[in-house]
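Visitor: Input structure: my_file_38.csv, which contains CSV, C-alpha atoms and all ligand atoms.
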```
chain,number,residue,atom,x,y,z
A,1,VAL,CA,113.3,42.8,-312.2
A,2,ILE,CA,114.4,46.3,-313.5
A,3,PRO,CA,117.3,46.3,-316.1
A,4,LEU,CA,120.5,48.0,-314.7
A,5,ALA,CA,120.3,50.6,-317.5
A,6,ASP,CA,116.8,51.8,-316.3
A,7,LEU,CA,117.5,51.6,-312.6
A,8,ALA,CA,118.7,55.2,-312.0
A,9,ASP,CA,115.7,56.7,-313.8
A,10,HIS,CA,113.3,54.3,-312.0
A,11,ALA,CA,114.9,55.2,-308.6
A,12,ALA,CA,114.7,59.0,-309.4
A,13,ARG,CA,111.0,58.7,-310.2
A,14,ASP,CA,110.5,56.7,-306.9
A,15,PHE,CA,112.4,59.5,-304.9
A,16,ALA,CA,110.4,62.2,-306.7
A,17,ALA,CA,107.2,60.5,-305.6
A,18,ALA,CA,108.3,60.5,-301.9
A,19,ALA,CA,106.5,63.4,-300.3
A,20,THR,CA,108.2,63.3,-296.9
A,21,PRO,CA,111.7,62.5,-295.5
A,22,ALA,CA,110.3,59.3,-294.1
A,23,ALA,CA,108.8,58.2,-297.4
A,24,LEU,CA,112.1,59.0,-299.1
A,25,GLU,CA,114.0,56.9,-296.5
A,26,ASP,CA,111.7,53.9,-297.4
A,27,ALA,CA,112.4,54.5,-301.2
A,28,LYS,CA,116.1,54.7,-300.5
A,29,ALA,CA,116.0,51.4,-298.6
A,30,ARG,CA,114.4,49.7,-301.7
A,31,TYR,CA,117.6,50.5,-303.7
A,32,LEU,CA,120.4,51.0,-301.2
A,33,GLY,CA,119.2,49.2,-298.1
A,34,LYS,CA,120.3,45.7,-296.8
A,35,THR,CA,117.8,44.1,-299.2
A,36,GLY,CA,117.9,46.9,-301.7
A,37,VAL,CA,118.1,46.2,-305.5
A,38,LEU,CA,121.6,47.5,-305.8
A,39,THR,CA,122.8,45.6,-302.7
A,40,GLU,CA,121.4,42.4,-304.2
A,41,LEU,CA,123.2,43.1,-307.6
A,42,MET,CA,126.5,43.6,-305.7
A,43,LYS,CA,126.0,40.2,-303.9
A,44,GLY,CA,125.6,38.6,-307.4
A,45,LEU,CA,129.2,39.6,-308.3
A,46,GLY,CA,130.7,36.7,-306.3
A,47,LYS,CA,129.5,34.2,-309.0
A,48,LEU,CA,131.4,36.0,-311.8
A,49,ASP,CA,135.1,35.4,-312.9
A,50,PRO,CA,137.5,38.2,-311.9
A,51,GLU,CA,137.5,40.0,-315.3
A,52,ALA,CA,133.7,40.0,-315.6
A,53,ARG,CA,133.3,40.9,-311.9
A,54,LYS,CA,135.5,44.0,-312.3
A,55,ALA,CA,133.5,45.3,-315.3
A,56,ARG,CA,130.1,44.5,-313.7
A,57,GLY,CA,131.1,46.0,-310.4
A,58,ALA,CA,132.0,49.2,-312.1
A,59,GLU,CA,128.7,49.3,-314.0
A,60,ILE,CA,126.8,48.8,-310.7
A,61,ASN,CA,128.8,51.5,-308.8
A,62,ALA,CA,128.1,54.0,-311.6
A,63,VAL,CA,124.3,53.4,-311.3
A,64,LYS,CA,124.6,53.5,-307.5
A,65,ALA,CA,126.3,56.9,-307.7
A,66,GLN,CA,123.4,58.1,-309.9
A,67,VAL,CA,120.8,56.8,-307.5
A,68,GLU,CA,122.6,58.5,-304.5
A,69,ALA,CA,122.7,61.7,-306.5
A,70,ALA,CA,119.0,61.5,-307.1
A,71,LEU,CA,118.4,60.7,-303.4
A,72,ASN,CA,120.4,63.7,-302.3
A,73,ALA,CA,118.7,66.0,-304.8
A,74,ARG,CA,115.3,64.8,-303.4
A,75,ARG,CA,116.5,65.3,-299.8
A,76,GLN,CA,117.6,68.8,-300.7
A,77,ALA,CA,114.3,69.6,-302.4
A,78,LEU,CA,112.3,68.3,-299.5
A,79,ALA,CA,114.4,70.3,-297.0
A,80,GLU,CA,113.9,73.5,-299.1
A,81,ALA,CA,110.2,72.8,-299.3
A,82,GLU,CA,110.1,72.4,-295.5
A,83,LEU,CA,112.1,75.6,-295.0
A,84,CYS,CA,109.8,77.5,-297.4
A,85,ARG,CA,106.7,76.2,-295.5
A,86,GLN,CA,108.2,77.4,-292.2
A,87,LEU,CA,109.1,80.8,-293.6
A,88,GLN,CA,105.5,81.1,-294.9
A,89,ALA,CA,104.0,79.9,-291.6
A,90,GLU,CA,106.1,82.0,-289.3
A,91,ALA,CA,106.4,85.1,-291.4
A,92,LEU,CA,106.1,88.3,-289.4
A,93,ASP,CA,104.6,91.3,-291.2
A,94,VAL,CA,107.2,93.9,-290.1
A,95,SER,CA,105.0,96.6,-291.7
A,96,LEU,CA,102.3,96.1,-289.0
A,97,PRO,CA,102.1,99.0,-286.5
A,98,GLY,CA,103.8,98.2,-283.1
A,99,ARG,CA,101.5,97.1,-280.2
A,100,ARG,CA,100.8,100.3,-278.3
A,101,ARG,CA,101.3,100.1,-274.5
A,102,GLY,CA,98.1,101.9,-273.4
A,103,ALA,CA,99.2,105.2,-271.9
A,104,GLY,CA,97.5,106.2,-268.7
A,105,SER,CA,95.7,109.5,-268.4
A,106,LEU,CA,94.4,111.9,-265.8
A,107,HIS,CA,91.0,111.1,-264.3
A,108,PRO,CA,88.3,113.5,-265.6
A,109,VAL,CA,87.7,114.9,-262.1
A,110,MET,CA,91.4,115.6,-261.7
A,111,ARG,CA,91.4,117.3,-265.2
A,112,ALA,CA,88.5,119.5,-264.0
A,113,MET,CA,90.3,120.2,-260.7
A,114,GLU,CA,93.5,121.2,-262.5
A,115,ARG,CA,91.5,123.4,-264.9
A,116,ILE,CA,89.8,125.1,-262.0
A,117,GLU,CA,93.1,125.7,-260.2
A,118,ALA,CA,94.6,127.2,-263.4
A,119,ILE,CA,91.7,129.5,-264.0
A,120,PHE,CA,91.6,130.8,-260.4
A,121,GLY,CA,95.4,130.9,-260.4
A,122,SER,CA,95.3,133.3,-263.3
A,123,MET,CA,93.1,135.5,-261.1
A,124,GLY,CA,95.7,135.5,-258.3
A,125,PHE,CA,94.1,132.9,-256.1
A,126,GLU,CA,96.4,130.6,-254.2
A,127,VAL,CA,95.6,126.9,-253.8
A,128,ALA,CA,95.2,125.7,-250.2
A,129,ASP,CA,95.6,122.1,-249.0
A,130,GLY,CA,94.8,120.6,-245.7
A,131,PRO,CA,93.7,117.4,-243.8
A,132,GLU,CA,90.7,115.3,-244.9
A,133,ILE,CA,90.2,114.2,-241.3
A,134,GLU,CA,89.1,117.4,-239.5
A,135,THR,CA,88.3,118.6,-236.0
A,136,ASP,CA,84.8,119.6,-235.2
A,137,TRP,CA,86.1,123.2,-234.7
A,138,PHE,CA,87.5,123.6,-238.3
A,139,ASN,CA,84.7,121.7,-240.0
A,140,PHE,CA,81.7,123.2,-238.2
A,141,THR,CA,82.2,125.6,-235.3
A,142,ALA,CA,84.7,128.0,-236.9
A,143,LEU,CA,82.2,128.1,-239.8
A,144,ASN,CA,79.5,129.4,-237.6
A,145,THR,CA,77.6,126.1,-237.7
A,146,PRO,CA,75.8,125.8,-234.4
A,147,ALA,CA,76.0,122.8,-232.2
A,148,ASP,CA,72.6,121.6,-233.0
A,149,HIS,CA,72.8,122.2,-236.8
A,150,PRO,CA,71.4,119.2,-238.8
A,151,ALA,CA,74.6,119.1,-241.0
A,152,ARG,CA,76.4,117.7,-237.9
A,153,SER,CA,74.1,114.7,-237.7
A,154,MET,CA,75.4,111.2,-238.2
A,155,HIS,CA,73.2,110.7,-241.3
A,156,ASP,CA,75.1,113.5,-243.0
A,157,THR,CA,78.6,113.3,-241.6
A,158,PHE,CA,81.1,110.5,-241.2
A,159,TYR,CA,82.6,110.6,-237.7
A,160,VAL,CA,85.9,109.0,-236.8
A,161,GLU,CA,87.2,108.3,-233.3
A,162,GLY,CA,87.0,111.2,-230.9
A,163,ASP,CA,85.3,114.3,-232.2
A,164,HIS,CA,87.0,114.1,-235.6
A,165,VAL,CA,85.0,113.9,-238.8
A,166,LEU,CA,85.8,113.3,-242.5
A,167,ARG,CA,85.5,116.9,-243.7
A,168,THR,CA,82.1,117.5,-245.3
A,169,HIS,CA,83.4,120.4,-247.4
A,170,THR,CA,86.7,122.0,-248.1
A,171,SER,CA,85.9,125.2,-246.0
A,172,PRO,CA,88.1,124.0,-243.1
A,173,MET,CA,91.1,124.4,-245.4
A,174,GLN,CA,90.0,128.0,-246.1
A,175,ILE,CA,89.8,128.7,-242.4
A,176,ARG,CA,93.2,127.2,-241.7
A,177,HIS,CA,94.7,129.2,-244.6
A,178,ALA,CA,93.0,132.4,-243.4
A,179,VAL,CA,94.2,131.9,-239.8
A,180,ARG,CA,97.8,131.4,-241.0
A,181,HIS,CA,97.6,134.4,-243.3
A,182,VAL,CA,96.3,136.7,-240.5
A,183,LYS,CA,98.9,135.5,-238.1
A,184,ALA,CA,101.6,136.1,-240.7
A,185,HIS,CA,100.4,139.7,-241.2
A,186,ARG,CA,99.4,140.5,-237.6
A,187,HIS,CA,102.1,143.1,-237.4
A,188,LEU,CA,100.6,145.0,-240.4
A,189,ILE,CA,97.0,144.7,-239.2
A,190,ASP,CA,97.9,146.0,-235.7
A,191,ALA,CA,99.8,148.8,-237.2
A,192,GLY,CA,96.7,149.8,-239.1
A,193,GLN,CA,98.4,149.1,-242.4
A,194,THR,CA,96.9,147.2,-245.2
A,195,MET,CA,96.9,143.3,-244.9
A,196,PRO,CA,97.4,141.6,-248.3
A,197,GLU,CA,94.1,140.3,-249.4
A,198,ILE,CA,93.2,136.7,-248.7
A,199,ARG,CA,92.6,135.1,-252.2
A,200,VAL,CA,92.5,131.4,-252.0
A,201,ILE,CA,90.8,128.3,-253.4
A,202,ALA,CA,90.6,125.0,-251.6
A,203,PRO,CA,89.9,122.0,-253.9
A,204,GLY,CA,89.8,118.5,-252.6
A,205,ARG,CA,87.9,115.4,-251.5
A,206,THR,CA,84.9,115.8,-249.3
A,207,TYR,CA,82.7,113.2,-247.6
A,208,ARG,CA,79.0,113.0,-246.9
A,209,VAL,CA,76.7,110.1,-245.9
A,210,ASP,CA,74.9,110.0,-249.2
A,211,SER,CA,74.8,107.8,-252.3
A,212,ASP,CA,72.8,107.8,-255.5
A,213,ALA,CA,73.1,108.8,-259.2
A,214,THR,CA,74.1,112.3,-258.3
A,215,HIS,CA,75.6,111.8,-254.8
A,216,SER,CA,78.6,109.8,-253.8
A,217,PRO,CA,79.9,109.4,-250.2
A,218,MET,CA,83.2,110.8,-251.4
A,219,PHE,CA,83.0,113.7,-253.9
A,220,HIS,CA,85.1,116.7,-254.8
A,221,GLN,CA,84.6,120.3,-253.9
A,222,VAL,CA,86.3,123.5,-254.6
A,223,GLU,CA,85.7,126.6,-252.5
A,224,GLY,CA,86.9,130.1,-253.1
A,225,LEU,CA,87.5,132.9,-250.6
A,226,TRP,CA,88.4,136.5,-251.2
A,227,ILE,CA,88.8,138.7,-248.1
A,228,GLY,CA,89.9,142.3,-248.2
A,229,GLU,CA,88.8,145.8,-247.1
A,230,ALA,CA,86.3,146.3,-249.8
A,231,ILE,CA,85.3,143.1,-251.5
A,232,SER,CA,81.6,142.7,-252.3
A,233,PHE,CA,79.0,140.7,-254.2
A,234,LYS,CA,79.9,142.5,-257.4
A,235,ASP,CA,83.5,141.1,-257.1
A,236,LEU,CA,81.9,137.7,-256.6
A,237,LYS,CA,79.8,138.0,-259.7
A,238,ALA,CA,82.7,139.2,-261.8
A,239,VAL,CA,85.1,136.5,-260.6
A,240,TYR,CA,82.5,133.8,-260.9
A,241,LEU,CA,81.3,134.8,-264.4
A,242,ASP,CA,84.9,134.9,-265.6
A,243,PHE,CA,85.6,131.5,-264.0
A,244,ILE,CA,82.6,129.7,-265.4
A,245,GLN,CA,83.0,131.1,-268.9
A,246,GLN,CA,86.6,130.0,-269.0
A,247,PHE,CA,85.7,126.6,-267.5
A,248,PHE,CA,83.1,125.9,-270.1
A,249,GLU,CA,85.0,127.7,-272.8
A,250,SER,CA,81.9,129.7,-273.7
A,251,LYS,CA,80.7,133.3,-273.2
A,252,ASP,CA,77.3,132.2,-274.4
A,253,LEU,CA,76.0,131.5,-270.9
A,254,GLU,CA,74.0,133.4,-268.3
A,255,LEU,CA,74.5,133.5,-264.5
A,256,ARG,CA,72.0,134.3,-261.7
A,257,PHE,CA,72.0,134.6,-258.0
A,258,ARG,CA,69.2,132.9,-256.1
A,259,PRO,CA,68.7,133.8,-252.4
A,260,SER,CA,69.7,131.0,-250.1
A,261,PHE,CA,71.1,130.3,-246.6
A,262,PHE,CA,74.4,128.9,-245.3
A,263,PRO,CA,75.6,129.3,-241.7
A,264,PHE,CA,78.9,130.7,-242.9
A,265,THR,CA,77.7,133.4,-245.3
A,266,GLU,CA,75.2,136.2,-244.9
A,267,PRO,CA,73.6,137.1,-247.3
A,268,SER,CA,73.9,133.8,-249.2
A,269,ALA,CA,73.0,132.9,-252.7
A,270,GLU,CA,72.9,129.8,-254.9
A,271,ILE,CA,74.5,130.4,-258.3
A,272,ASP,CA,72.7,129.1,-261.4
A,273,ILE,CA,74.0,129.1,-265.0
A,274,MET,CA,72.2,128.7,-268.3
A,275,PHE,CA,73.9,127.7,-271.5
A,276,GLY,CA,72.8,129.5,-274.7
A,277,GLN,CA,73.5,126.4,-276.8
A,278,GLY,CA,74.1,122.7,-276.5
A,279,PRO,CA,72.1,119.9,-274.9
A,280,LEU,CA,71.4,121.8,-271.7
A,281,LYS,CA,70.4,125.0,-273.5
A,282,GLY,CA,67.8,127.2,-271.8
A,283,ARG,CA,67.8,125.3,-268.5
A,284,TRP,CA,68.9,126.9,-265.2
A,285,LEU,CA,71.5,124.7,-263.7
A,286,GLU,CA,72.6,125.1,-260.0
A,287,VAL,CA,76.4,125.0,-259.9
A,288,SER,CA,77.5,126.7,-256.8
A,289,GLY,CA,76.7,128.2,-253.4
A,290,SER,CA,78.1,131.6,-252.4
A,291,GLY,CA,77.7,134.5,-250.1
A,292,GLN,CA,79.3,137.3,-248.1
A,293,VAL,CA,81.4,135.7,-245.4
A,294,HIS,CA,79.5,135.8,-242.1
A,295,PRO,CA,81.0,138.3,-239.6
A,296,GLN,CA,81.5,135.6,-237.0
A,297,VAL,CA,83.6,133.6,-239.5
A,298,ILE,CA,85.7,136.7,-240.2
A,299,ARG,CA,86.2,137.0,-236.4
A,300,ASN,CA,87.2,133.3,-236.2
A,301,MET,CA,90.0,134.1,-238.7
A,302,GLY,CA,91.2,136.8,-236.2
A,303,LEU,CA,90.0,139.7,-238.2
A,304,ASP,CA,87.6,142.6,-237.3
A,305,PRO,CA,84.4,142.2,-239.4
A,306,GLU,CA,83.9,146.0,-239.3
A,307,ARG,CA,87.1,146.4,-241.3
A,308,TYR,CA,87.4,143.2,-243.3
A,309,LEU,CA,84.8,141.5,-245.5
A,310,GLY,CA,84.7,139.4,-248.6
A,311,PHE,CA,82.9,136.6,-250.4
A,312,ALA,CA,83.1,132.8,-250.5
A,313,LEU,CA,81.8,130.3,-252.9
A,314,GLY,CA,81.6,126.5,-253.1
A,315,SER,CA,81.2,124.2,-256.1
A,316,GLY,CA,81.0,120.4,-256.6
A,317,ILE,CA,83.9,119.6,-259.0
A,318,ASP,CA,82.3,116.3,-260.0
A,319,ARG,CA,79.2,118.2,-260.9
A,320,LEU,CA,81.1,120.7,-263.0
A,321,ALA,CA,83.0,117.8,-264.7
A,322,MET,CA,79.7,116.0,-265.4
A,323,LEU,CA,78.3,119.2,-267.0
A,324,ARG,CA,81.5,119.7,-269.0
A,325,TYR,CA,81.9,116.1,-270.2
A,326,GLY,CA,78.3,115.2,-270.5
A,327,VAL,CA,78.4,112.5,-267.8
A,328,ASN,CA,75.0,111.5,-266.5
A,329,ASP,CA,75.8,109.3,-263.5
A,330,LEU,CA,78.3,110.4,-260.9
A,331,ARG,CA,79.1,106.9,-260.0
A,332,LEU,CA,80.9,106.4,-263.4
A,333,PHE,CA,83.7,108.6,-262.0
A,334,PHE,CA,84.4,106.1,-259.2
A,335,ASP,CA,83.8,102.7,-260.9
A,336,GLY,CA,87.3,102.5,-262.4
A,337,ASP,CA,85.9,101.2,-265.6
A,338,LEU,CA,88.6,101.6,-268.3
A,339,ARG,CA,86.0,101.8,-271.1
A,340,PHE,CA,84.7,105.0,-269.4
A,341,LEU,CA,88.1,106.4,-268.4
A,342,ALA,CA,89.8,105.7,-271.7
A,343,GLN,CA,87.5,108.4,-273.3
A,344,PHE,CA,89.5,111.0,-271.4
A,345,GLN,CA,93.0,110.1,-272.9
B,1,LIG,C1,86.3,130.6,-244.3
B,1,LIG,C2,85.1,130.2,-245.2
B,1,LIG,C3,84.0,131.1,-245.2
B,1,LIG,C4,82.9,130.7,-246.1
B,1,LIG,C5,83.0,129.6,-246.9
B,1,LIG,O1,81.9,129.3,-247.7
B,1,LIG,C6,82.1,128.3,-248.7
B,1,LIG,C7,80.8,128.2,-249.3
B,1,LIG,N1,80.3,127.1,-249.8
B,1,LIG,C8,79.0,127.2,-250.3
B,1,LIG,C9,78.3,126.1,-250.9
B,1,LIG,O2,77.2,126.2,-251.3
B,1,LIG,N2,78.9,125.0,-251.0
B,1,LIG,C10,78.3,123.9,-251.5
B,1,LIG,C11,77.7,124.1,-252.9
B,1,LIG,C12,77.8,122.8,-253.7
B,1,LIG,S1,78.7,121.7,-252.7
B,1,LIG,O3,79.8,121.1,-253.5
B,1,LIG,O4,77.8,120.8,-252.1
B,1,LIG,C13,79.3,122.8,-251.6
B,1,LIG,C14,78.6,128.5,-250.2
B,1,LIG,S2,79.7,129.5,-249.5
B,1,LIG,C15,84.1,128.8,-246.9
B,1,LIG,C16,85.2,129.1,-246.0
```
Would you write the structure of this file as structure tokens?

Guide:
Amino acid sequence: VIPLADLADHAARDFAAAATPAALEDAKARYLGKTGVLTELMKGLGKLDPEARKARGAEINAVKAQVEAALNARRQALAEAELCRQLQAEALDVSLPGRRRGAGSLHPVMRAMERIEAIFGSMGFEVADGPEIETDWFNFTALNTPADHPARSMHDTFYVEGDHVLRTHTSPMQIRHAVRHVKAHRHLIDAGQTMPEIRVIAPGRTYRVDSDATHSPMFHQVEGLWIGEAISFKDLKAVYLDFIQQFFESKDLELRFRPSFFPFTEPSAEIDIMFGQGPLKGRWLEVSGSGQVHPQVIRNMGLDPERYLGFALGSGIDRLAMLRYGVNDLRLFFDGDLRFLAQFQ
């Protein structure tokens, strides 16, 4: 049995040893509960005479108050310890940088297309647009491609119902633009006055039945057309050299024409470039086709080929983008893999 005088200290040590609120409630019960020490002492008061009971009762109440004070102090301490633990556990480091919401970005082929449009735009070329599903006339016939030409075959061209095709190049847009331009200036032409030159590029999606590391069924082309009364190969070379130097941001590159054949140009030439530095240094790279627009195509625009002439060129935008960005597999452009695309933020 603990003497009354030591009870408060004893209880305080008991409460201090209680590590959790539940343990503290158990310790509390030992002193203040139904069978607690203090409760038993109070019960013992009944045996005493009134005088002694009053005095003893006061002594017990004084100790009870000390025990309750010790109990509340411990409750407070446990509550603060719990709060401190929570604050530690749930602390937010407000100095951390915010979580970025990944910003989208333009696809590398579209970046190349916009770059090409800006460069030709600075040389006075308009940008034509037109349907991706084309008629046989605009995709082949108007471009002097004979009925039995291999390009028309099913293993090269996607046919959709009727005699429509998925355009195999962006040339149809050039023809459409030229026909509209000639119609709009018919009055000047017939009056023997000067028709404003046709100076247009036609960038866009094109489709061919082909698929490997350097060919995709859908790819992107840009074609250029400059028609006037005295436009020749020298203009083509000047325009193309300026374009390609700006596109690759380098004057340290050479350009050469290599004789070739296209139904819509005569004479025709492939254009190769060679970088003076970098990983592709010293290698001739085919980048375009070009030529003097064929007289029949001039006629199909509604112009007299004895009076109007000019050049045309065509380039694969995906190919130019691959060269500019060092991409070695065309299919990477179309996989939609964010690890690849994020490099072009
Ligand atoms: C009215 C009109 C008249 C002539 C035209 O000639 C467009 C031309 N294209 C090429 C050419 O070689 N193109 C290909 C090269 C790479 S590619 O991406 O496969 C397309 C040469 S001349 C176009 C429109």

Visitor: Measure the distance from atom CA of Phe247 of chain A to atom CA of Ile227 of chain A in Å and round it to one decimal.

Guide: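 Atom CA of Ile227 of chain A lies 23.1 Å from atom CA of Phe247 of chain A.
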
Visitor: Show me which residues line ligand LIG 1 (chain B), defined as having an atom within 6 Å of a ligand atom where all atoms listed in the file count, and present them as a ChimeraX atom specification.

Guide: /A:171,174-175,221,223,264-265,288-291,293,312-316

Visitor: So which one's closest to Leu78 of chain A, A:Ala17, A:Met301, A:Met42, A:Ala142? Using all atoms listed in the file, please.

Guide: A:Ala17

Visitor: Using all atoms listed in the file, find the one residue out of A:Ile201, A:Leu255, A:Asp235, A:His294 that sits nearest to Ala118 of chain A.

Guide: A:Ile201

Visitor: Would you pick out the contacts of Glu126 of chain A at 8 Å or less, using all atoms listed in the file, so that residues sharing its chain but fewer than 3 positions from it are not included, and give the list as a list of chain:residue names?

Guide: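 Within the cut-off, the hits are A:Phe120, A:Gly121, A:Arg199, A:Val200, A:Ile201.
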
Visitor: Place all heavy atoms on segment 204-212 of chain A and deliver the coordinates as a short mmCIF file (atom, residue, chain, number, x, y, z; two decimals), in the frame of the given file.

Guide:
```cif
data_model
loop_
_atom_site.label_atom_id
_atom_site.label_comp_id
_atom_site.auth_asym_id
_atom_site.auth_seq_id
_atom_site.Cartn_x
_atom_site.Cartn_y
_atom_site.Cartn_z
N GLY A 204 89.40 119.76 -253.22
CA GLY A 204 89.80 118.50 -252.60
C GLY A 204 88.62 117.55 -252.38
O GLY A 204 87.48 117.85 -252.72
N ARG A 205 88.95 116.42 -251.80
CA ARG A 205 87.90 115.40 -251.50
C ARG A 205 87.09 115.82 -250.32
O ARG A 205 87.62 116.39 -249.37
CB ARG A 205 88.60 114.06 -251.17
CG ARG A 205 89.21 113.37 -252.35
CD ARG A 205 89.84 112.07 -251.89
NE ARG A 205 90.50 111.39 -253.00
CZ ARG A 205 91.36 110.40 -252.80
NH1 ARG A 205 91.64 110.03 -251.57
NH2 ARG A 205 91.93 109.81 -253.82
N THR A 206 85.81 115.52 -250.40
CA THR A 206 84.90 115.80 -249.30
C THR A 206 84.01 114.57 -249.10
O THR A 206 83.84 113.79 -250.05
CB THR A 206 84.07 117.04 -249.53
OG1 THR A 206 83.53 116.95 -250.84
CG2 THR A 206 84.93 118.29 -249.43
N TYR A 207 83.46 114.41 -247.90
CA TYR A 207 82.70 113.20 -247.60
C TYR A 207 81.38 113.48 -246.98
O TYR A 207 81.30 114.30 -246.05
CB TYR A 207 83.56 112.33 -246.61
CG TYR A 207 84.94 112.01 -247.12
CD1 TYR A 207 86.00 112.90 -246.91
CD2 TYR A 207 85.20 110.86 -247.85
CE1 TYR A 207 87.27 112.63 -247.40
CE2 TYR A 207 86.47 110.57 -248.34
CZ TYR A 207 87.49 111.47 -248.12
OH TYR A 207 88.75 111.20 -248.61
N ARG A 208 80.34 112.82 -247.49
CA ARG A 208 79.00 113.00 -246.90
C ARG A 208 78.31 111.63 -246.93
O ARG A 208 78.58 110.83 -247.84
CB ARG A 208 78.17 114.03 -247.59
CG ARG A 208 78.72 115.42 -247.33
CD ARG A 208 77.79 116.53 -247.73
NE ARG A 208 78.51 117.82 -247.68
CZ ARG A 208 78.05 118.93 -248.22
NH1 ARG A 208 76.90 118.92 -248.87
NH2 ARG A 208 78.74 120.06 -248.14
N VAL A 209 77.46 111.39 -245.95
CA VAL A 209 76.70 110.10 -245.90
C VAL A 209 75.60 110.26 -246.96
O VAL A 209 74.52 110.76 -246.66
CB VAL A 209 76.14 109.85 -244.53
CG1 VAL A 209 75.46 108.48 -244.53
CG2 VAL A 209 77.25 109.91 -243.49
N ASP A 210 75.85 109.86 -248.18
CA ASP A 210 74.90 110.00 -249.20
C ASP A 210 75.33 109.19 -250.43
O ASP A 210 76.55 109.10 -250.66
CB ASP A 210 74.82 111.52 -249.65
CG ASP A 210 73.44 111.90 -250.16
OD1 ASP A 210 72.65 110.96 -250.42
OD2 ASP A 210 73.18 113.10 -250.31
N SER A 211 74.40 108.62 -251.16
CA SER A 211 74.80 107.80 -252.30
C SER A 211 73.68 107.54 -253.25
O SER A 211 72.74 106.85 -252.88
CB SER A 211 75.43 106.48 -251.80
OG SER A 211 75.78 105.69 -252.93
N ASP A 212 73.74 108.16 -254.44
CA ASP A 212 72.80 107.80 -255.50
C ASP A 212 73.34 108.34 -256.83
O ASP A 212 74.54 108.62 -256.89
CB ASP A 212 71.38 108.45 -255.21
CG ASP A 212 71.45 109.97 -255.16
OD1 ASP A 212 72.28 110.57 -255.90
OD2 ASP A 212 70.74 110.58 -254.36
#
```
